[in-house]
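Step one of this worksheet: look at the structure below.
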2 protein chains.
Amino acid sequence: MIRISRLPSKTNCVQEQDKNGMYEGWFAKPTHPNDASGPSGPYMREFLDEILPSKIGEHLRKFTRLPHLSGTEQNLKYAEQVRNEWREFGLDSVEMVPYDVLLSYPNVSRPNYIAIVDAQGREIFNTSLAEPTPEGYEDVPDIVPPYSAYSAKGQPQGDLVYVNYGRTEDFFQLERRMGINVTGKIVIVRYGKIFRGNKVKNAIRAGAKGLILFSDPADYCAEGVKPYPEGWNLPGGGAQRGNVMNLNGAGDSLTPGYPAKEYTYRSRPEDGVGLPSIPVHPIGYHDAFHFLKNMGGQIPPNNWKGALNVSYRIGPGFTDDFKNQFVRMNIHTNNQVTRIYNVIGRIRGALEPDRYVILGGHRDAWVFGGIDPMSGAALVHEIVRSAGRLLRKGWRPRRTIIFASWDAEEFGLLGSTEWAEDNAKVLQERAVAYINADSGIEGMYTLRVDCTPSLHTLVYDLTKQLASPEKEEEGLSLYESWHKRDNWTNDRDAPRIRKLGSGSDFEAYFVRLGIAAGRARYTKNWKTEGYSSYPVYHTVYETFEVVERFYDPSFARLRTVAQVRGGLVFLLADSQIIPLDANQYAIALDKYARSIAAMAQTHPQEMKTYEVSFDSMFSAVENFTVAAKEFHERLQAVNRADPIQVRAMNDQLMYLERAFIDPLGLPGRPFYRHVIFAPSSHNKYAGESFPGVYDALFDVEHSANQDKAWNEVKRQISIAAFTVHAAAATLAPPA
Amino acid sequence: MIRISRLPSKTNCVQEQDKNGMYEGWFAKPTHPNDASGPSGPYMREFLDEILPSKIGEHLRKFTRLPHLSGTEQNLKYAEQVRNEWREFGLDSVEMVPYDVLLSYPNVSRPNYIAIVDAQGREIFNTSLAEPTPEGYEDVPDIVPPYSAYSAKGQPQGDLVYVNYGRTEDFFQLERRMGINVTGKIVIVRYGKIFRGNKVKNAIRAGAKGLILFSDPADYCAEGVKPYPEGWNLPGGGAQRGNVMNLNGAGDSLTPGYPAKEYTYRSRPEDGVGLPSIPVHPIGYHDAFHFLKNMGGQIPPNNWKGALNVSYRIGPGFTDDFKNQFVRMNIHTNNQVTRIYNVIGRIRGALEPDRYVILGGHRDAWVFGGIDPMSGAALVHEIVRSAGRLLRKGWRPRRTIIFASWDAEEFGLLGSTEWAEDNAKVLQERAVAYINADSGIEGMYTLRVDCTPSLHTLVYDLTKQLASPEKEEEGLSLYESWHKRDNWTNDRDAPRIRKLGSGSDFEAYFVRLGIAAGRARYTKNWKTEGYSSYPVYHTVYETFEVVERFYDPSFARLRTVAQVRGGLVFLLADSQIIPLDANQYAIALDKYARSIAAMAQTHPQEMKTYEVSFDSMFSAVENFTVAAKEFHERLQAVNRADPIQVRAMNDQLMYLERAFIDPLGLPGRPFYRHVIFAPSSHNKYAGESFPGVYDALFDVEHSANQDKAWNEVKRQISIAAFTVHAAAATLAPPA
């Protein structure tokens, strides 16, 4: 078990009587198989206690006063401030690491907008050029208006077609059920459910010549909540910014696979990875109303209807009375190679300086970044401060800790991916784990953790030692609070932990390099709160105040999230045995194998015809399960006084995640290399298990060549089975 | 320095007075930067002394009595014998590891041959169906006739065109200078200069519908030497077998990237990697004479002329008198998935069982394999015997040693590549070095070593401690003998060491996985002996006798080669500090960078037009040079009593080669991933340095789109520079 003391709580945390009557060693039954983590006990407690809500508030306040879009002067200034303060906090080294990547900005002299044009060619309605500025920020310069970064330039005009969320299944329904072809049309879809880049890809594939993204109140307003600033709902004038690329993990579009340094060769812009070929633009629901209210064509199915007072007719084009009107997009956004800055800080490991635990999160924001990302970056800042204080007291972790303030996350995870590309070799050989630190809060209900299965046990162990931040839960551990609010399933009595998808900076570390990864934040109640993300996501209304007034007035929830993130980093860096649990990976693989086989079994006839079998996959999982069990038995028996024996077993733990990486990548996605977890081809935000098999099975539903499609399913099953076998072999005794 | 004793020689080796008057520590000035290798001294001497010429002869004799083509019963029997004897010798474990790969055999009921057909359709000349059997082997069954493995089936007929060696430059000259188009023709080329698979690729690209390969006496007979059995030259009835695929490192054609296990998905045969689309067949010079003697068309340039008494006219077709005659190929060779067997033996490392040093060589032979491969396999056998004897005396190496007897090398390095694919993860994490053990001898002159630069120092140190096997060189070290026969260059006063190319089993380990690799054998005098390979290469005349009568009657040369191979393995496995030298890599990179920049400078105008610069590459090499120097300074100072410090620096040494691997591979060759060394695209046998840049520069000479071609040069320079920078970073202090 992890030998740390229970925390005497300071704010919103109340001491609970230790059931064992002991201060060291909280659990009657240690749940973690890598027993006894070493001497970090008292330091761990001090480290966590030193993470202060008031300081988190201060950090959040100071880094959200001004807009700090990637590539701007202000974001460089914040980078310098982060660097300077991390140095003051006492890190061993802090450096700025620049890259020159393709960013995308609106043309300041030719604003983007969308118009309704009448038969005479007059623009009778234009969308707003900016969001209404929130109170207190009226004089702030450089607020970038809502736009779709990397949109193609152009002024396409034509009839509108409404395609719900723009998902693969929405276009499938539109084309095959409703018989509507969007070739040459402008498509309008609502935000939500999937990554916006996937909507763009689907629209392009369907033949659209332009795409309008809007935020529907059904997806961006919570029930009974007022729009900002009275509440935390999206106002009608707010619109969601965001990049619309399909990078599939490539990082900078012009330098896929390699860091975008000064000397690096850059593709010609037309050869850039993932750049959309059509204009795309986002609008709020006030503007969307004007387009939707006069739409003609079919009445949509109910699940295509949002919450605006319109019929959500599909088009193409407007109803009879407005038949002669059409829509024109005016998009002048420019792509340009721009310098970005990561800040990288280090605490040198005392015993194993060549083993790295990384805590990284982005700094760049669409505007102020009150939630995204500064509610996370403020936590990293506070974790660094607390760790620095410990360093001054003589503590030094066993392994090296790397802190990163990434740039250009909003433009496709660029800062984190370029640094991963730059340091790929060293990371592959030395990285123990990557903990992500994007937004710390997206709701007010409970903890949310997405992580690799081998971190499950550590997350549970740690959260049992932290207190719930909820006022009404005095005496409850974070684990208990979380558990009662979000139990996993009927099968598993534990708090739900989710798979990692993508959409934040862990991607290159986890999906490309195979470094064990996890993320934690505070979230909403997913059973009752049906809106997408959080309402003011990527709008100008993501201010310091939206956090301070609504999400976490005492900063207690953010403190808890900081303790989870920081605690994970501390234990990964300082435990003698790396606290990763291969048995949990075995359990997860078993579940995923059953689930993907069940998906295939919905085609029993084809399974027979094409002789598709999951036997090799199940047998590999069984093999892995035995190897994991035996590994942990040997680990229990390892002579902890023998540094080489300990290091060798730690190497096996460290490299377990790496074993799931296939250098050939997933089909057509060379930078998504994790055979067990990758973002879905149909929604980057969602992580699929056995993604190669999943995609192949998805394709059999839509492919004209069933023979080829089912052969690909078989090929993917074979690759998955082999990979799991190979991973099992890494856990076996080495000779 | 390497603390091993000087060897009291037993056969053909004479003791030389130790100039330092010491027995331990042979050199006045240690040349190796990784000083003090630990306690292996006396064991090393014993290990090398126990390698006995007589035993080598015995092993060679017993494994060359019968043909043992891959996939045959006899090759399985030899595998079982190897396994059993390795067990008896005392290895900790020995196992057979099967794979099911695509092999290729002649159709026993429809023999392959090529005919000259007259105007009436009569076959007036047919090539021989087999080589004349050598004396003593008359009753031996299952001698496979000469064939081109993986040839397409078919009976193409038409006019012949002679295209010299079938190199890219030969076809270029034929098409662009001589104006001859081979579309629809049958091409005849002589063996030699490049890998036969490249000749096939060139012929296919040029449009040929069949290809005849022949051995010209100019390329397969040494001056003043009689044909076998009176001498070691190729008889006129001998023909060179060999596979004609272009796998580019893929291993089994149907399972590229993954091990060919029972459950593995296999491509359809038409989708197999590297399979030629036209019939190909090899003939000897007696048969070739009949085709060449009546050829018509242009008289070739002098360097197209071989040593047969014919004009070597180019065609197309025969001269006037024979104008109506044409050629018909009759090829019925079958591809079939067949089980192969590697034998894998292990000595468990005492202190670091999770670090592997591999000695691997193939066992399968086209017929008897007197030279290829058994003159190498016999050495592995003897090395295992000697190591086993040491084990019984209580020795155990620091690291694990893995011995491999590969199958199906002749069919495209299949056994070794499948095992590398099967164990890729574990090897990537744990392999220190791979020493290859193909043919031990190809000439009677001196030592030949091809290896990665980081092994240079170890090779020199070791050979200084071994005696020359040459009778007339009593008292000379192997190093001295080698040095005086093959000095590197005017710039460098040391024996020449070559770059690794391909054509043997190290390929997957070195070029795909980035494991430090080397090979050693005895060779001819390259300055005076101009023939290709060795004359009886891949013929039935590769018998035990060709070695015992001509190449190495006392087995002293083979013993020396065994001591080099075994000594490398011993020192890599048993030295406390891994004896790899990053400084030598720096020297090599500098040389390669200058050389590739000079190649580009032959296009000064384009260099300007397209702004091509090698500055980034030179700056990366400089960076690497400093990093290597500083690394070895730190290594000198490392506290050898601190196991973690030692292990961490050893990890940096081990992973140095890995740092040159790009998971994206070279353009169009996903399994050639080494940015510094890969087989040439134009000749698999040759290793090019900076192969990506080299190929791009090669292409500018032939490309119609110069803009695109030079952009690719720039891209490749950028990748090379980045890779060298990244490798330098792996040598830096880890935190």
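Identifiers in this document derive from the order of the structure tokens: chains are assigned A, B, ..., residues are numbered from 1 separately in each chain, and ligands are numbered from 1 in order of occurrence.
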
Interface, chain B side, toward chain A (6 Å; only C-alpha atoms) as a PyMOL selection string: chain B and resi 264-265+348+353-354+425-426+659+663+715+718+730+734-735

Compile the contact shell of stretch 271-276 of chain B as a PDB file with N, CA and C atoms, in the first residue's frame: residues with an atom at most 8 Å away, counting only C-alpha atoms, same-chain residues fewer than 6 positions apart removed.
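The resulting file, selection.pdb, is reproduced below:
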```pdb
ATOM      1  N   TYR B 150      10.236 -17.416 -55.649  1.00  0.00           N
ATOM      2  CA  TYR B 150       9.145 -16.435 -55.761  1.00  0.00           C
ATOM      3  C   TYR B 150       8.965 -15.888 -57.173  1.00  0.00           C
ATOM      4  N   SER B 151       9.698 -16.479 -58.143  1.00  0.00           N
ATOM      5  CA  SER B 151       9.408 -16.105 -59.524  1.00  0.00           C
ATOM      6  C   SER B 151       7.921 -16.249 -59.783  1.00  0.00           C
ATOM      7  N   ALA B 152       7.378 -15.367 -60.620  1.00  0.00           N
ATOM      8  CA  ALA B 152       6.019 -15.592 -61.096  1.00  0.00           C
ATOM      9  C   ALA B 152       6.034 -16.822 -61.992  1.00  0.00           C
ATOM     10  N   VAL B 200      15.514  -7.608 -60.791  1.00  0.00           N
ATOM     11  CA  VAL B 200      14.142  -7.974 -61.148  1.00  0.00           C
ATOM     12  C   VAL B 200      13.246  -6.742 -61.118  1.00  0.00           C
ATOM     13  N   LYS B 201      13.376  -5.954 -60.079  1.00  0.00           N
ATOM     14  CA  LYS B 201      12.562  -4.734 -59.963  1.00  0.00           C
ATOM     15  C   LYS B 201      12.803  -3.824 -61.162  1.00  0.00           C
ATOM     16  N   ILE B 204      11.208  -5.262 -64.335  1.00  0.00           N
ATOM     17  CA  ILE B 204       9.743  -5.097 -64.313  1.00  0.00           C
ATOM     18  C   ILE B 204       9.375  -3.655 -64.618  1.00  0.00           C
ATOM     19  N   VAL B 244      14.105 -13.668 -55.395  1.00  0.00           N
ATOM     20  CA  VAL B 244      14.094 -12.473 -56.244  1.00  0.00           C
ATOM     21  C   VAL B 244      13.011 -11.477 -55.799  1.00  0.00           C
ATOM     22  N   MET B 245      12.763 -11.474 -54.488  1.00  0.00           N
ATOM     23  CA  MET B 245      11.768 -10.540 -53.962  1.00  0.00           C
ATOM     24  C   MET B 245      12.368  -9.175 -53.668  1.00  0.00           C
ATOM     25  N   ASN B 246      11.496  -8.217 -53.511  1.00  0.00           N
ATOM     26  CA  ASN B 246      11.869  -6.911 -52.967  1.00  0.00           C
ATOM     27  C   ASN B 246      11.044  -6.664 -51.716  1.00  0.00           C
ATOM     28  N   LEU B 247      11.460  -7.306 -50.637  1.00  0.00           N
ATOM     29  CA  LEU B 247      10.700  -7.227 -49.393  1.00  0.00           C
ATOM     30  C   LEU B 247      10.956  -5.922 -48.644  1.00  0.00           C
ATOM     31  N   ASN B 248      12.124  -5.343 -48.852  1.00  0.00           N
ATOM     32  CA  ASN B 248      12.496  -4.143 -48.087  1.00  0.00           C
ATOM     33  C   ASN B 248      12.260  -4.324 -46.585  1.00  0.00           C
ATOM     34  N   ALA B 250      10.347  -6.472 -44.931  1.00  0.00           N
ATOM     35  CA  ALA B 250       9.005  -6.793 -44.436  1.00  0.00           C
ATOM     36  C   ALA B 250       8.903  -8.169 -43.793  1.00  0.00           C
ATOM     37  N   SER B 253       6.117 -12.327 -46.699  1.00  0.00           N
ATOM     38  CA  SER B 253       5.413 -11.494 -47.670  1.00  0.00           C
ATOM     39  C   SER B 253       3.933 -11.288 -47.336  1.00  0.00           C
ATOM     40  N   LEU B 254       3.329 -12.270 -46.676  1.00  0.00           N
ATOM     41  CA  LEU B 254       1.880 -12.208 -46.433  1.00  0.00           C
ATOM     42  C   LEU B 254       1.523 -11.611 -45.079  1.00  0.00           C
ATOM     43  N   PRO B 256       3.280  -8.752 -43.385  1.00  0.00           N
ATOM     44  CA  PRO B 256       4.263  -7.691 -43.131  1.00  0.00           C
ATOM     45  C   PRO B 256       4.010  -6.969 -41.809  1.00  0.00           C
TER      46      PRO B 256
END
```

DSSP-assigned helix (DSSP H, G or I) among stretch 119-203 of chain A, expressed as a list in words: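 Selecting the helix (DSSP H, G or I) positions of stretch 119-203 of chain A gives Thr168, Glu169, Asp170, Phe171, Phe172, Gln173, Leu174, Glu175, Arg176, Arg177, Arg196, Gly197, Asn198, Lys199, Val200, Lys201, Asn202 and Ala203 of chain A.
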
Filtering to all heavy atoms, could you give me those residues as a short mmCIF file (atom, residue, chain, number, x, y, z; two decimals), in the first residue's frame?
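Now in result_7.cif:
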```cif
data_model
loop_
_atom_site.label_atom_id
_atom_site.label_comp_id
_atom_site.auth_asym_id
_atom_site.auth_seq_id
_atom_site.Cartn_x
_atom_site.Cartn_y
_atom_site.Cartn_z
N THR A 168 -21.52 11.01 -38.43
CA THR A 168 -21.56 10.03 -39.51
C THR A 168 -22.97 9.50 -39.68
O THR A 168 -23.50 9.43 -40.79
CB THR A 168 -20.59 8.87 -39.21
OG1 THR A 168 -19.31 9.41 -38.92
CG2 THR A 168 -20.48 7.92 -40.39
N GLU A 169 -23.62 9.18 -38.55
CA GLU A 169 -24.96 8.60 -38.63
C GLU A 169 -25.99 9.63 -39.07
O GLU A 169 -26.99 9.29 -39.70
CB GLU A 169 -25.36 7.94 -37.31
CG GLU A 169 -25.27 8.80 -36.07
CD GLU A 169 -23.94 8.69 -35.33
OE1 GLU A 169 -22.88 8.60 -35.99
OE2 GLU A 169 -23.95 8.70 -34.08
N ASP A 170 -25.75 10.92 -38.78
CA ASP A 170 -26.68 11.96 -39.24
C ASP A 170 -26.61 12.09 -40.75
O ASP A 170 -27.64 12.17 -41.42
CB ASP A 170 -26.33 13.30 -38.57
CG ASP A 170 -26.56 13.26 -37.06
OD1 ASP A 170 -27.50 12.57 -36.61
OD2 ASP A 170 -25.78 13.91 -36.33
N PHE A 171 -25.39 12.10 -41.30
CA PHE A 171 -25.26 12.19 -42.76
C PHE A 171 -25.78 10.93 -43.43
O PHE A 171 -26.37 10.98 -44.51
CB PHE A 171 -23.80 12.47 -43.16
CG PHE A 171 -23.45 13.93 -43.10
CD1 PHE A 171 -22.81 14.47 -41.99
CD2 PHE A 171 -23.80 14.78 -44.15
CE1 PHE A 171 -22.50 15.83 -41.94
CE2 PHE A 171 -23.49 16.14 -44.10
CZ PHE A 171 -22.84 16.67 -42.98
N PHE A 172 -25.56 9.79 -42.78
CA PHE A 172 -26.07 8.52 -43.31
C PHE A 172 -27.58 8.59 -43.42
O PHE A 172 -28.17 8.27 -44.46
CB PHE A 172 -25.63 7.39 -42.37
CG PHE A 172 -25.88 6.02 -42.91
CD1 PHE A 172 -25.03 5.46 -43.86
CD2 PHE A 172 -26.96 5.26 -42.46
CE1 PHE A 172 -25.25 4.18 -44.35
CE2 PHE A 172 -27.18 3.99 -42.95
CZ PHE A 172 -26.33 3.44 -43.89
N GLN A 173 -28.20 9.07 -42.35
CA GLN A 173 -29.66 9.19 -42.34
C GLN A 173 -30.15 10.19 -43.39
O GLN A 173 -31.11 9.93 -44.12
CB GLN A 173 -30.11 9.63 -40.94
CG GLN A 173 -31.61 9.54 -40.75
CD GLN A 173 -32.02 9.62 -39.29
OE1 GLN A 173 -31.15 9.68 -38.40
NE2 GLN A 173 -33.31 9.59 -39.01
N LEU A 174 -29.46 11.30 -43.48
CA LEU A 174 -29.82 12.34 -44.45
C LEU A 174 -29.79 11.81 -45.88
O LEU A 174 -30.72 12.01 -46.66
CB LEU A 174 -28.85 13.52 -44.32
CG LEU A 174 -29.16 14.72 -45.23
CD1 LEU A 174 -30.19 15.63 -44.56
CD2 LEU A 174 -27.90 15.50 -45.57
N GLU A 175 -28.68 11.12 -46.18
CA GLU A 175 -28.46 10.72 -47.57
C GLU A 175 -29.25 9.47 -47.94
O GLU A 175 -29.89 9.42 -48.99
CB GLU A 175 -26.96 10.48 -47.82
CG GLU A 175 -26.15 11.78 -47.70
CD GLU A 175 -24.65 11.55 -47.65
OE1 GLU A 175 -24.20 10.48 -47.17
OE2 GLU A 175 -23.91 12.44 -48.10
N ARG A 176 -29.22 8.47 -47.04
CA ARG A 176 -29.82 7.18 -47.43
C ARG A 176 -31.29 7.06 -47.05
O ARG A 176 -32.03 6.36 -47.71
CB ARG A 176 -29.03 6.04 -46.80
CG ARG A 176 -27.53 6.19 -46.99
CD ARG A 176 -26.93 5.08 -47.80
NE ARG A 176 -25.49 5.22 -47.81
CZ ARG A 176 -24.65 4.21 -47.68
NH1 ARG A 176 -25.10 2.97 -47.53
NH2 ARG A 176 -23.35 4.41 -47.69
N ARG A 177 -31.67 7.72 -45.94
CA ARG A 177 -33.08 7.61 -45.54
C ARG A 177 -33.91 8.72 -46.15
O ARG A 177 -34.97 8.51 -46.68
CB ARG A 177 -33.20 7.66 -44.01
CG ARG A 177 -32.42 6.62 -43.27
CD ARG A 177 -33.24 5.33 -43.04
NE ARG A 177 -32.31 4.20 -42.88
CZ ARG A 177 -31.58 3.98 -41.78
NH1 ARG A 177 -31.66 4.77 -40.74
NH2 ARG A 177 -30.76 2.95 -41.73
N ARG A 196 -15.82 18.87 -33.30
CA ARG A 196 -16.27 19.66 -34.47
C ARG A 196 -15.51 19.32 -35.74
O ARG A 196 -16.05 19.38 -36.84
CB ARG A 196 -16.21 21.16 -34.15
CG ARG A 196 -14.85 21.74 -34.03
CD ARG A 196 -14.90 23.21 -33.60
NE ARG A 196 -15.00 23.33 -32.14
CZ ARG A 196 -14.00 23.10 -31.28
NH1 ARG A 196 -12.79 22.74 -31.74
NH2 ARG A 196 -14.15 23.22 -29.99
N GLY A 197 -14.23 18.93 -35.61
CA GLY A 197 -13.46 18.55 -36.80
C GLY A 197 -14.08 17.37 -37.53
O GLY A 197 -14.03 17.29 -38.75
N ASN A 198 -14.68 16.45 -36.78
CA ASN A 198 -15.35 15.32 -37.42
C ASN A 198 -16.59 15.77 -38.19
O ASN A 198 -16.92 15.22 -39.24
CB ASN A 198 -15.75 14.26 -36.38
CG ASN A 198 -14.54 13.57 -35.78
OD1 ASN A 198 -14.00 14.03 -34.77
ND2 ASN A 198 -14.07 12.49 -36.40
N LYS A 199 -17.27 16.79 -37.68
CA LYS A 199 -18.44 17.32 -38.40
C LYS A 199 -17.97 17.89 -39.75
O LYS A 199 -18.62 17.70 -40.78
CB LYS A 199 -19.10 18.44 -37.58
CG LYS A 199 -19.63 17.98 -36.21
CD LYS A 199 -20.06 19.17 -35.34
CE LYS A 199 -20.24 18.74 -33.89
NZ LYS A 199 -21.64 18.51 -33.51
N VAL A 200 -16.85 18.59 -39.70
CA VAL A 200 -16.30 19.20 -40.92
C VAL A 200 -15.92 18.11 -41.92
O VAL A 200 -16.25 18.19 -43.11
CB VAL A 200 -15.09 20.08 -40.56
CG1 VAL A 200 -14.42 20.60 -41.83
CG2 VAL A 200 -15.49 21.23 -39.65
N LYS A 201 -15.24 17.09 -41.43
CA LYS A 201 -14.85 15.99 -42.31
C LYS A 201 -16.07 15.36 -42.97
O LYS A 201 -16.08 15.10 -44.18
CB LYS A 201 -14.09 14.93 -41.49
CG LYS A 201 -13.51 13.81 -42.33
CD LYS A 201 -12.61 12.90 -41.50
CE LYS A 201 -13.43 12.01 -40.60
NZ LYS A 201 -12.60 11.02 -39.86
N ASN A 202 -17.12 15.13 -42.18
CA ASN A 202 -18.34 14.52 -42.71
C ASN A 202 -19.00 15.42 -43.76
O ASN A 202 -19.48 14.94 -44.79
CB ASN A 202 -19.33 14.24 -41.59
CG ASN A 202 -18.83 13.13 -40.67
OD1 ASN A 202 -17.97 12.33 -41.05
ND2 ASN A 202 -19.34 13.10 -39.44
N ALA A 203 -19.01 16.72 -43.49
CA ALA A 203 -19.64 17.65 -44.43
C ALA A 203 -18.87 17.69 -45.75
O ALA A 203 -19.46 17.70 -46.83
CB ALA A 203 -19.71 19.05 -43.81
#
```

All residues 9 Å or closer to stretch 367-379 of chain A, only C-alpha atoms, same chain fewer than 6 positions away omitted, as a ChimeraX atom specification: /A:51,55-61,63-69,142-144,360-361,405,437-442,521,537-547,558-559,561-563,565-566
